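Shown next: input-v1.pdb, containing PDB, C-alpha atoms, pLDDT in the B column.
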ATOM      1  CA  MET S  24     -34.601  25.474  51.816  1.00 50.00           C
ATOM      2  CA  PRO S  25     -32.050  22.984  53.188  1.00 51.00           C
ATOM      3  CA  ARG S  26     -32.821  20.667  50.278  1.00 51.00           C
ATOM      4  CA  LYS S  27     -32.152  23.415  47.754  1.00 45.00           C
ATOM      5  CA  ARG S  28     -28.944  24.372  49.513  1.00 45.00           C
ATOM      6  CA  ASN S  29     -27.842  20.718  49.675  1.00 47.00           C
ATOM      7  CA  ALA S  30     -28.570  20.254  45.953  1.00 45.00           C
ATOM      8  CA  LEU S  31     -26.694  23.468  45.189  1.00 40.00           C
ATOM      9  CA  PHE S  32     -23.648  22.206  47.113  1.00 44.00           C
ATOM     10  CA  GLN S  33     -23.796  18.911  45.213  1.00 46.00           C
ATOM     11  CA  VAL S  34     -23.854  20.730  41.864  1.00 39.00           C
ATOM     12  CA  MET S  35     -20.947  22.952  42.918  1.00 43.00           C
ATOM     13  CA  ALA S  36     -18.964  19.928  44.097  1.00 43.00           C
ATOM     14  CA  ALA S  37     -19.607  18.121  40.818  1.00 42.00           C
ATOM     15  CA  GLN S  38     -18.455  21.192  38.853  1.00 41.00           C
ATOM     16  CA  GLN S  39     -15.285  21.341  40.964  1.00 43.00           C
ATOM     17  CA  GLU S  40     -14.567  17.651  40.189  1.00 42.00           C
ATOM     18  CA  VAL S  41     -15.066  18.253  36.462  1.00 37.00           C
ATOM     19  CA  ARG S  42     -12.555  21.125  36.555  1.00 38.00           C
ATOM     20  CA  GLN S  43      -9.986  18.894  38.214  1.00 41.00           C
ATOM     21  CA  VAL S  44     -10.214  16.081  35.618  1.00 38.00           C
ATOM     22  CA  PRO S  45      -7.348  16.525  33.153  1.00 41.00           C
ATOM     23  CA  ARG S  46      -8.503  17.298  29.647  1.00 38.00           C
ATOM     24  CA  ALA S  47      -7.614  14.887  26.871  1.00 38.00           C
ATOM     25  CA  SER S  48      -5.266  16.177  24.205  1.00 38.00           C
ATOM     26  CA  ASN S  49      -6.447  16.535  20.621  1.00 39.00           C
ATOM     27  CA  ASN S  50      -4.443  13.508  19.543  1.00 39.00           C
ATOM     28  CA  ALA S  51      -5.676  11.197  22.283  1.00 38.00           C
ATOM     29  CA  GLN S  52      -7.110   8.823  19.692  1.00 41.00           C
ATOM     30  CA  SER S  53      -3.785   8.339  17.949  1.00 42.00           C
ATOM     31  CA  GLU S  54      -1.622   7.868  21.050  1.00 42.00           C
ATOM     32  CA  PRO S  55      -1.789   4.689  23.111  1.00 46.00           C
ATOM     33  CA  SER S  56      -2.716   5.129  26.782  1.00 46.00           C
ATOM     34  CA  SER S  57      -0.631   2.165  27.880  1.00 47.00           C
ATOM     35  CA  ALA S  58       2.166   0.018  26.518  1.00 51.00           C
ATOM     36  CA  ASP S  59      -0.279  -2.783  25.644  1.00 54.00           C
ATOM     37  CA  GLU S  60      -2.584  -0.686  23.456  1.00 56.00           C
ATOM     38  CA  LYS S  61      -1.868  -0.065  19.783  1.00 61.00           C
ATOM     39  CA  PRO S  62      -2.353   3.410  18.322  1.00 65.00           C
ATOM     40  CA  ARG S  63      -5.568   3.840  16.325  1.00 72.00           C
ATOM     41  CA  ARG S  64      -5.156   4.047  12.584  1.00 82.00           C
ATOM     42  CA  THR S  65      -6.477   6.986  10.646  1.00 92.00           C
ATOM     43  CA  SER S  66      -9.170   6.533   8.017  1.00 91.00           C
ATOM     44  CA  ALA S  67      -6.538   6.746   5.299  1.00 93.00           C
ATOM     45  CA  GLY S  68      -4.442   4.140   7.099  1.00 94.00           C
ATOM     46  CA  ARG S  69      -7.393   1.760   7.213  1.00 95.00           C
ATOM     47  CA  VAL S  70      -8.096   2.220   3.491  1.00 96.00           C
ATOM     48  CA  LEU S  71      -4.435   1.666   2.667  1.00 95.00           C
ATOM     49  CA  SER S  72      -4.370  -1.484   4.806  1.00 95.00           C
ATOM     50  CA  ILE S  73      -7.242  -2.840   2.696  1.00 96.00           C
ATOM     51  CA  LEU S  74      -5.342  -2.165  -0.522  1.00 95.00           C
ATOM     52  CA  ASP S  75      -2.184  -3.605   1.031  1.00 94.00           C
ATOM     53  CA  ALA S  76      -4.038  -6.853   1.782  1.00 96.00           C
ATOM     54  CA  PHE S  77      -3.779  -7.678  -1.918  1.00 94.00           C
ATOM     55  CA  GLY S  78      -0.523  -9.007  -3.324  1.00 87.00           C
ATOM     56  CA  SER S  79       0.963 -11.232  -5.980  1.00 78.00           C
ATOM     57  CA  ASN S  80      -0.131 -14.358  -4.082  1.00 85.00           C
ATOM     58  CA  HIS S  81      -3.424 -12.800  -2.989  1.00 91.00           C
ATOM     59  CA  SER S  82      -4.860 -11.134  -6.094  1.00 91.00           C
ATOM     60  CA  THR S  83      -8.490 -11.991  -5.277  1.00 95.00           C
ATOM     61  CA  LEU S  84      -9.841 -11.984  -1.724  1.00 97.00           C
ATOM     62  CA  SER S  85     -13.144 -12.484   0.020  1.00 97.00           C
ATOM     63  CA  LEU S  86     -14.403  -9.798   2.385  1.00 97.00           C
ATOM     64  CA  SER S  87     -13.402 -11.962   5.371  1.00 97.00           C
ATOM     65  CA  ASP S  88      -9.901 -12.430   3.944  1.00 97.00           C
ATOM     66  CA  ILE S  89      -9.521  -8.687   3.420  1.00 97.00           C
ATOM     67  CA  SER S  90     -10.719  -8.038   6.978  1.00 97.00           C
ATOM     68  CA  ARG S  91      -8.265 -10.546   8.449  1.00 96.00           C
ATOM     69  CA  ARG S  92      -5.278  -9.469   6.325  1.00 96.00           C
ATOM     70  CA  ALA S  93      -5.952  -5.755   6.948  1.00 96.00           C
ATOM     71  CA  GLY S  94      -6.480  -6.240  10.684  1.00 95.00           C
ATOM     72  CA  LEU S  95      -9.880  -4.536  10.622  1.00 96.00           C
ATOM     73  CA  THR S  96     -13.293  -5.501  11.905  1.00 95.00           C
ATOM     74  CA  LEU S  97     -15.639  -7.008   9.355  1.00 96.00           C
ATOM     75  CA  SER S  98     -18.070  -4.072   9.575  1.00 96.00           C
ATOM     76  CA  THR S  99     -15.318  -1.497   8.971  1.00 96.00           C
ATOM     77  CA  THR S 100     -13.944  -3.580   6.121  1.00 97.00           C
ATOM     78  CA  HIS S 101     -17.404  -3.881   4.567  1.00 97.00           C
ATOM     79  CA  ARG S 102     -17.954  -0.117   4.703  1.00 97.00           C
ATOM     80  CA  LEU S 103     -14.519   0.810   3.319  1.00 97.00           C
ATOM     81  CA  VAL S 104     -14.549  -1.888   0.621  1.00 97.00           C
ATOM     82  CA  GLY S 105     -17.925  -0.536  -0.486  1.00 97.00           C
ATOM     83  CA  GLU S 106     -16.416   2.927  -0.899  1.00 96.00           C
ATOM     84  CA  LEU S 107     -13.381   1.554  -2.749  1.00 97.00           C
ATOM     85  CA  LEU S 108     -15.716  -0.456  -4.981  1.00 96.00           C
ATOM     86  CA  ALA S 109     -17.826   2.605  -5.819  1.00 96.00           C
ATOM     87  CA  TRP S 110     -14.692   4.641  -6.627  1.00 95.00           C
ATOM     88  CA  GLY S 111     -13.209   1.892  -8.814  1.00 94.00           C
ATOM     89  CA  ALA S 112     -10.163   1.020  -6.714  1.00 95.00           C
ATOM     90  CA  LEU S 113     -11.629  -2.458  -6.185  1.00 96.00           C
ATOM     91  CA  GLU S 114     -13.816  -4.632  -8.386  1.00 96.00           C
ATOM     92  CA  ARG S 115     -15.894  -7.683  -7.530  1.00 95.00           C
ATOM     93  CA  ASP S 116     -16.260 -10.932  -9.474  1.00 95.00           C
ATOM     94  CA  ARG S 117     -19.364 -13.122  -9.703  1.00 94.00           C
ATOM     95  CA  SER S 118     -18.278 -15.265  -6.765  1.00 95.00           C
ATOM     96  CA  GLY S 119     -18.158 -12.192  -4.506  1.00 95.00           C
ATOM     97  CA  HIS S 120     -14.362 -11.978  -4.323  1.00 97.00           C
ATOM     98  CA  TYR S 121     -12.634  -8.631  -4.693  1.00 97.00           C
ATOM     99  CA  PHE S 122      -9.601  -7.647  -6.775  1.00 95.00           C
ATOM    100  CA  ILE S 123      -7.716  -4.440  -7.559  1.00 94.00           C
ATOM    101  CA  GLY S 124      -9.718  -2.275  -9.984  1.00 93.00           C
ATOM    102  CA  LEU S 125      -8.751  -0.502 -13.163  1.00 89.00           C
ATOM    103  CA  ARG S 126      -8.833   2.876 -11.416  1.00 90.00           C
ATOM    104  CA  MET S 127      -5.642   1.858  -9.609  1.00 89.00           C
ATOM    105  CA  LEU S 128      -3.976   1.128 -12.968  1.00 80.00           C
ATOM    106  CA  GLU S 129      -5.015   4.590 -14.144  1.00 81.00           C
ATOM    107  CA  LEU S 130      -3.328   6.111 -11.096  1.00 85.00           C
ATOM    108  CA  ALA S 131      -0.234   3.945 -11.536  1.00 79.00           C
ATOM    109  CA  ALA S 132       0.068   5.175 -15.112  1.00 73.00           C
ATOM    110  CA  LEU S 133       0.693   8.675 -13.737  1.00 79.00           C
ATOM    111  CA  ASN S 134       3.909   7.545 -12.036  1.00 76.00           C
ATOM    112  CA  PRO S 135       6.924   8.638 -14.126  1.00 74.00           C
ATOM    113  CA  HIS S 136       8.669   5.331 -13.340  1.00 69.00           C
ATOM    114  CA  GLY S 137       5.649   3.283 -14.333  1.00 67.00           C
ATOM    115  CA  LEU S 138       3.742   2.916 -17.551  1.00 71.00           C
ATOM    116  CA  GLY S 139       5.155   6.054 -19.204  1.00 76.00           C
ATOM    117  CA  LEU S 140       8.660   4.667 -18.818  1.00 81.00           C
ATOM    118  CA  ARG S 141       7.429   1.324 -20.124  1.00 82.00           C
ATOM    119  CA  GLU S 142       5.913   2.887 -23.252  1.00 84.00           C
ATOM    120  CA  THR S 143       9.081   4.868 -23.968  1.00 87.00           C
ATOM    121  CA  ALA S 144      11.385   1.893 -23.467  1.00 89.00           C
ATOM    122  CA  LEU S 145       9.269  -0.781 -25.185  1.00 90.00           C
ATOM    123  CA  PRO S 146      10.686  -0.341 -28.749  1.00 92.00           C
ATOM    124  CA  PHE S 147      14.241  -0.650 -27.366  1.00 92.00           C
ATOM    125  CA  LEU S 148      13.310  -3.639 -25.221  1.00 92.00           C
ATOM    126  CA  ASP S 149      11.733  -5.294 -28.255  1.00 92.00           C
ATOM    127  CA  ASP S 150      14.891  -4.738 -30.325  1.00 93.00           C
ATOM    128  CA  LEU S 151      17.015  -6.192 -27.522  1.00 92.00           C
ATOM    129  CA  HIS S 152      14.640  -9.136 -27.174  1.00 91.00           C
ATOM    130  CA  HIS S 153      14.874  -9.960 -30.900  1.00 91.00           C
ATOM    131  CA  ALA S 154      18.673  -9.571 -30.928  1.00 92.00           C
ATOM    132  CA  THR S 155      19.363 -11.753 -27.860  1.00 90.00           C
ATOM    133  CA  ARG S 156      16.354 -14.104 -27.813  1.00 88.00           C
ATOM    134  CA  ALA S 157      16.575 -13.911 -24.015  1.00 88.00           C
ATOM    135  CA  ASN S 158      14.332 -12.699 -21.197  1.00 88.00           C
ATOM    136  CA  ILE S 159      14.357  -8.908 -21.032  1.00 89.00           C
ATOM    137  CA  HIS S 160      13.397  -6.945 -17.913  1.00 88.00           C
ATOM    138  CA  LEU S 161      12.727  -3.279 -17.308  1.00 88.00           C
ATOM    139  CA  ALA S 162      12.752  -2.400 -13.640  1.00 87.00           C
ATOM    140  CA  VAL S 163      13.163   0.570 -11.336  1.00 85.00           C
ATOM    141  CA  ARG S 164      14.443   0.761  -7.832  1.00 85.00           C
ATOM    142  CA  GLY S 165      11.802   1.070  -5.123  1.00 82.00           C
ATOM    143  CA  GLY S 166      13.712   1.481  -1.866  1.00 83.00           C
ATOM    144  CA  HIS S 167      15.670  -1.728  -1.356  1.00 85.00           C
ATOM    145  CA  GLU S 168      13.624  -3.613  -3.908  1.00 88.00           C
ATOM    146  CA  VAL S 169      13.381  -3.955  -7.663  1.00 87.00           C
ATOM    147  CA  VAL S 170       9.956  -3.174  -9.113  1.00 85.00           C
ATOM    148  CA  TYR S 171       9.378  -4.735 -12.534  1.00 85.00           C
ATOM    149  CA  VAL S 172       7.788  -2.381 -15.060  1.00 84.00           C
ATOM    150  CA  GLU S 173       7.996  -4.731 -18.065  1.00 85.00           C
ATOM    151  CA  THR S 174       9.167  -8.256 -18.862  1.00 86.00           C
ATOM    152  CA  LEU S 175       9.568  -9.797 -22.303  1.00 88.00           C
ATOM    153  CA  ARG S 176       9.953 -13.557 -22.125  1.00 87.00           C
ATOM    154  CA  ALA S 177      11.929 -15.720 -24.538  1.00 86.00           C
ATOM    155  CA  ARG S 178      10.378 -19.013 -25.598  1.00 85.00           C
ATOM    156  CA  ASN S 179      13.254 -21.336 -24.703  1.00 82.00           C
ATOM    157  CA  ALA S 180      14.817 -19.325 -21.885  1.00 79.00           C
ATOM    158  CA  VAL S 181      14.825 -20.148 -18.201  1.00 80.00           C
ATOM    159  CA  HIS S 182      11.486 -19.315 -16.560  1.00 78.00           C
ATOM    160  CA  VAL S 183      11.749 -16.351 -14.205  1.00 78.00           C
ATOM    161  CA  LEU S 184       9.250 -15.220 -11.600  1.00 76.00           C
ATOM    162  CA  SER S 185       9.218 -11.525 -12.498  1.00 77.00           C
ATOM    163  CA  LYS S 186       5.933  -9.918 -13.497  1.00 77.00           C
ATOM    164  CA  LEU S 187       4.499  -6.453 -13.968  1.00 77.00           C
ATOM    165  CA  GLY S 188       4.500  -4.669 -10.618  1.00 77.00           C
ATOM    166  CA  GLY S 189       6.352  -7.522  -8.906  1.00 81.00           C
ATOM    167  CA  ARG S 190       8.889  -6.681  -6.198  1.00 84.00           C
ATOM    168  CA  TRP S 191      12.057  -8.543  -5.328  1.00 87.00           C
ATOM    169  CA  PRO S 192      14.985  -7.686  -3.042  1.00 90.00           C
ATOM    170  CA  MET S 193      17.685  -5.865  -5.017  1.00 88.00           C
ATOM    171  CA  HIS S 194      20.458  -8.201  -3.919  1.00 88.00           C
ATOM    172  CA  ALA S 195      18.518 -11.309  -5.024  1.00 88.00           C
ATOM    173  CA  THR S 196      18.058 -10.497  -8.720  1.00 88.00           C
ATOM    174  CA  GLY S 197      20.349  -9.851 -11.645  1.00 87.00           C
ATOM    175  CA  THR S 198      18.297  -6.769 -12.485  1.00 87.00           C
ATOM    176  CA  GLY S 199      18.711  -5.462  -8.949  1.00 88.00           C
ATOM    177  CA  LEU S 200      22.459  -6.048  -8.995  1.00 90.00           C
ATOM    178  CA  VAL S 201      22.732  -4.110 -12.267  1.00 88.00           C
ATOM    179  CA  LEU S 202      20.764  -1.225 -10.757  1.00 87.00           C
ATOM    180  CA  LEU S 203      22.936  -1.258  -7.637  1.00 87.00           C
ATOM    181  CA  ALA S 204      26.144  -1.345  -9.703  1.00 88.00           C
ATOM    182  CA  ASN S 205      24.998   1.666 -11.715  1.00 84.00           C
ATOM    183  CA  ALA S 206      23.483   3.653  -8.844  1.00 80.00           C
ATOM    184  CA  ASP S 207      24.462   7.286  -8.474  1.00 73.00           C
ATOM    185  CA  SER S 208      26.946   7.630  -5.667  1.00 62.00           C
ATOM    186  CA  ASP S 209      25.519  10.967  -4.511  1.00 53.00           C
ATOM    187  CA  ASP S 210      22.048   9.767  -3.555  1.00 48.00           C
ATOM    188  CA  GLY S 211      22.577   6.010  -3.444  1.00 49.00           C
ATOM    189  CA  ARG S 212      19.201   5.379  -5.071  1.00 48.00           C
ATOM    190  CA  GLY S 213      19.903   4.814  -8.732  1.00 46.00           C
ATOM    191  CA  GLY S 214      17.086   3.995 -11.031  1.00 49.00           C
ATOM    192  CA  VAL S 215      17.220   3.443 -14.729  1.00 46.00           C
ATOM    193  CA  ILE S 216      20.598   2.453 -16.148  1.00 41.00           C
ATOM    194  CA  ARG S 217      22.356   5.315 -17.930  1.00 39.00           C
ATOM    195  CA  VAL S 218      24.056   4.191 -21.154  1.00 33.00           C
TER     196      VAL S 218
END
Serialized structure, structure tokens:
Amino acid sequence: MPRKRNALFQVMAAQQEVRQVPRASNNAQSEPSSADEKPRRTSAGRVLSILDAFGSNHSTLSLSDISRRAGLTLSTTHRLVGELLAWGALERDRSGHYFIGLRMLELAALNPHGLGLRETALPFLDDLHHATRANIHLAVRGGHEVVYVETLRARNAVHVLSKLGGRWPMHATGTGLVLLANADSDDGRGGVIRV
């Protein structure tokens, strides 16, 4: 009987200790427990970091490059890249390198400042290009940057670095300065030049 009583006291003591341990909040995974720890990224954040690994100077990447640039483990990167590949957001070439897939272009086409704007403006841009024989740019404001939607290049004009989807600081480009000069004063954003 003393053994049973002793075991019972041990169980009761263990239950008392469990009750006294503070419960973790629901968002314990997203909040750092100390100043040195970084908050954990959500699944969506990890997928977006993979897509963000690509850029104008990094249009094709190996799995290791994606992992390093996204700040993810190789196993997580492999799993998420596989899902993005199956969905069409990424494609893979014969050498095993990945690049942005056509599904992303399909999504980008839904943006009212993107391909729809380009298609509407293209006849006017072409007329302007023929009349001036100069480089012609169509861009929209994306925060504090210019995002190029279309560029028509002249044969003998100065070479410029703009390209479809390229981003440049607004203050560093002629296109950006034009957008800033014609920005609405009420919202400060501006966009397409109103003529």
Where does the PyMOL selection byres ((chain S and resi 186) around 12) land in this file, that is, which residues does it pick, as an mmCIF file with C-alpha atoms, in the coordinates of the input?
data_model
loop_
_atom_site.group_PDB
_atom_site.id
_atom_site.type_symbol
_atom_site.label_atom_id
_atom_site.label_comp_id
_atom_site.auth_asym_id
_atom_site.auth_seq_id
_atom_site.Cartn_x
_atom_site.Cartn_y
_atom_site.Cartn_z
ATOM 1 C CA SER S 79 0.963 -11.232 -5.980
ATOM 2 C CA ASN S 158 14.332 -12.699 -21.197
ATOM 3 C CA ILE S 159 14.357 -8.908 -21.032
ATOM 4 C CA HIS S 160 13.397 -6.945 -17.913
ATOM 5 C CA LEU S 161 12.727 -3.279 -17.308
ATOM 6 C CA ALA S 162 12.752 -2.400 -13.640
ATOM 7 C CA VAL S 169 13.381 -3.955 -7.663
ATOM 8 C CA VAL S 170 9.956 -3.174 -9.113
ATOM 9 C CA TYR S 171 9.378 -4.735 -12.534
ATOM 10 C CA VAL S 172 7.788 -2.381 -15.060
ATOM 11 C CA GLU S 173 7.996 -4.731 -18.065
ATOM 12 C CA THR S 174 9.167 -8.256 -18.862
ATOM 13 C CA LEU S 175 9.568 -9.797 -22.303
ATOM 14 C CA ARG S 176 9.953 -13.557 -22.125
ATOM 15 C CA HIS S 182 11.486 -19.315 -16.560
ATOM 16 C CA VAL S 183 11.749 -16.351 -14.205
ATOM 17 C CA LEU S 184 9.250 -15.220 -11.600
ATOM 18 C CA SER S 185 9.218 -11.525 -12.498
ATOM 19 C CA LEU S 187 4.499 -6.453 -13.968
ATOM 20 C CA GLY S 188 4.500 -4.669 -10.618
ATOM 21 C CA GLY S 189 6.352 -7.522 -8.906
ATOM 22 C CA ARG S 190 8.889 -6.681 -6.198
ATOM 23 C CA TRP S 191 12.057 -8.543 -5.328
#
Distance query Val104 (chain S) at most 9 Å, only C-alpha atoms, self and fewer than 3 positions along chain excluded, as a ChimeraX atom specification: /S:70,73,86,89,99-101,107-109,113,121
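For the pair CA of Met127 (chain S) and CA of Gly111 (chain S), the interatomic distance is 7.6 Å.
Computed from the coordinates, the CA of Leu200 (chain S) to CA of Leu148 (chain S) distance equals 18.8 Å.
Of the listed residues S:Thr155, S:Ser66, S:Ser118, S:Thr198, the one whose atoms come nearest to Leu103 (chain S) is S:Ser66, with distances taken using all atoms listed in the file.
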Quick one: distance from CA of His120 (chain S) to CA of Ala93 (chain S) in Å, one decimal? 15.4 Å
Applied to the shown file, which residues does the PyMOL selection byres ((chain S and resi 123-125) around 10) return, written as a list in words? Leu74, Phe77, Gly78, Ser82, Thr83, Leu84, Leu107, Leu108, Trp110, Gly111, Ala112, Leu113, Glu114, Arg115, Tyr121, Phe122, Arg126, Met127, Leu128, Glu129, Leu130 and Ala131 of chain S
Since the input is missing atoms for region 141-164 of chain S, could you rebuild it with N, CA and C atoms and give the result as a tab-separated table (two decimals), keeping the file's coordinate frame?
chain	number	residue	atom	x	y	z
S	141	ARG	N	7.62	2.57	-19.37
S	141	ARG	CA	7.43	1.32	-20.12
S	141	ARG	C	7.16	1.62	-21.59
S	142	GLU	N	6.25	2.55	-21.87
S	142	GLU	CA	5.91	2.89	-23.25
S	142	GLU	C	7.11	3.46	-24.00
S	143	THR	N	7.90	4.28	-23.34
S	143	THR	CA	9.08	4.87	-23.97
S	143	THR	C	10.13	3.80	-24.26
S	144	ALA	N	10.32	2.89	-23.33
S	144	ALA	CA	11.38	1.89	-23.47
S	144	ALA	C	11.00	0.68	-24.31
S	145	LEU	N	9.72	0.45	-24.53
S	145	LEU	CA	9.27	-0.78	-25.18
S	145	LEU	C	9.90	-1.03	-26.56
S	146	PRO	N	10.03	-0.05	-27.46
S	146	PRO	CA	10.69	-0.34	-28.75
S	146	PRO	C	12.13	-0.82	-28.58
S	147	PHE	N	12.85	-0.25	-27.61
S	147	PHE	CA	14.24	-0.65	-27.37
S	147	PHE	C	14.30	-2.04	-26.74
S	148	LEU	N	13.37	-2.31	-25.83
S	148	LEU	CA	13.31	-3.64	-25.22
S	148	LEU	C	12.99	-4.69	-26.27
S	149	ASP	N	12.10	-4.37	-27.19
S	149	ASP	CA	11.73	-5.29	-28.26
S	149	ASP	C	12.93	-5.58	-29.16
S	150	ASP	N	13.68	-4.54	-29.51
S	150	ASP	CA	14.89	-4.74	-30.32
S	150	ASP	C	15.88	-5.64	-29.60
S	151	LEU	N	16.09	-5.39	-28.32
S	151	LEU	CA	17.02	-6.19	-27.52
S	151	LEU	C	16.53	-7.63	-27.42
S	152	HIS	N	15.24	-7.80	-27.27
S	152	HIS	CA	14.64	-9.14	-27.17
S	152	HIS	C	14.87	-9.93	-28.46
S	153	HIS	N	14.66	-9.28	-29.62
S	153	HIS	CA	14.87	-9.96	-30.90
S	153	HIS	C	16.36	-10.27	-31.14
S	154	ALA	N	17.23	-9.37	-30.70
S	154	ALA	CA	18.67	-9.57	-30.93
S	154	ALA	C	19.24	-10.67	-30.04
S	155	THR	N	18.77	-10.79	-28.81
S	155	THR	CA	19.36	-11.75	-27.86
S	155	THR	C	18.56	-13.03	-27.71
S	156	ARG	N	17.27	-12.98	-28.04
S	156	ARG	CA	16.35	-14.10	-27.81
S	156	ARG	C	16.41	-14.59	-26.35
S	157	ALA	N	16.50	-13.62	-25.46
S	157	ALA	CA	16.58	-13.91	-24.02
S	157	ALA	C	15.47	-13.15	-23.29
S	158	ASN	N	15.28	-13.45	-22.03
S	158	ASN	CA	14.33	-12.70	-21.20
S	158	ASN	C	14.86	-11.28	-21.03
S	159	ILE	N	13.98	-10.32	-21.17
S	159	ILE	CA	14.36	-8.91	-21.03
S	159	ILE	C	13.48	-8.30	-19.94
S	160	HIS	N	14.12	-7.57	-19.02
S	160	HIS	CA	13.40	-6.94	-17.91
S	160	HIS	C	13.66	-5.45	-17.89
S	161	LEU	N	12.61	-4.70	-17.59
S	161	LEU	CA	12.73	-3.28	-17.31
S	161	LEU	C	12.24	-3.10	-15.88
S	162	ALA	N	13.10	-2.55	-15.05
S	162	ALA	CA	12.75	-2.40	-13.64
S	162	ALA	C	13.29	-1.09	-13.12
S	163	VAL	N	12.69	-0.61	-12.04
S	163	VAL	CA	13.16	0.57	-11.34
S	163	VAL	C	13.39	0.19	-9.88
S	164	ARG	N	14.16	1.00	-9.24
S	164	ARG	CA	14.44	0.76	-7.83
S	164	ARG	C	13.34	1.37	-6.99
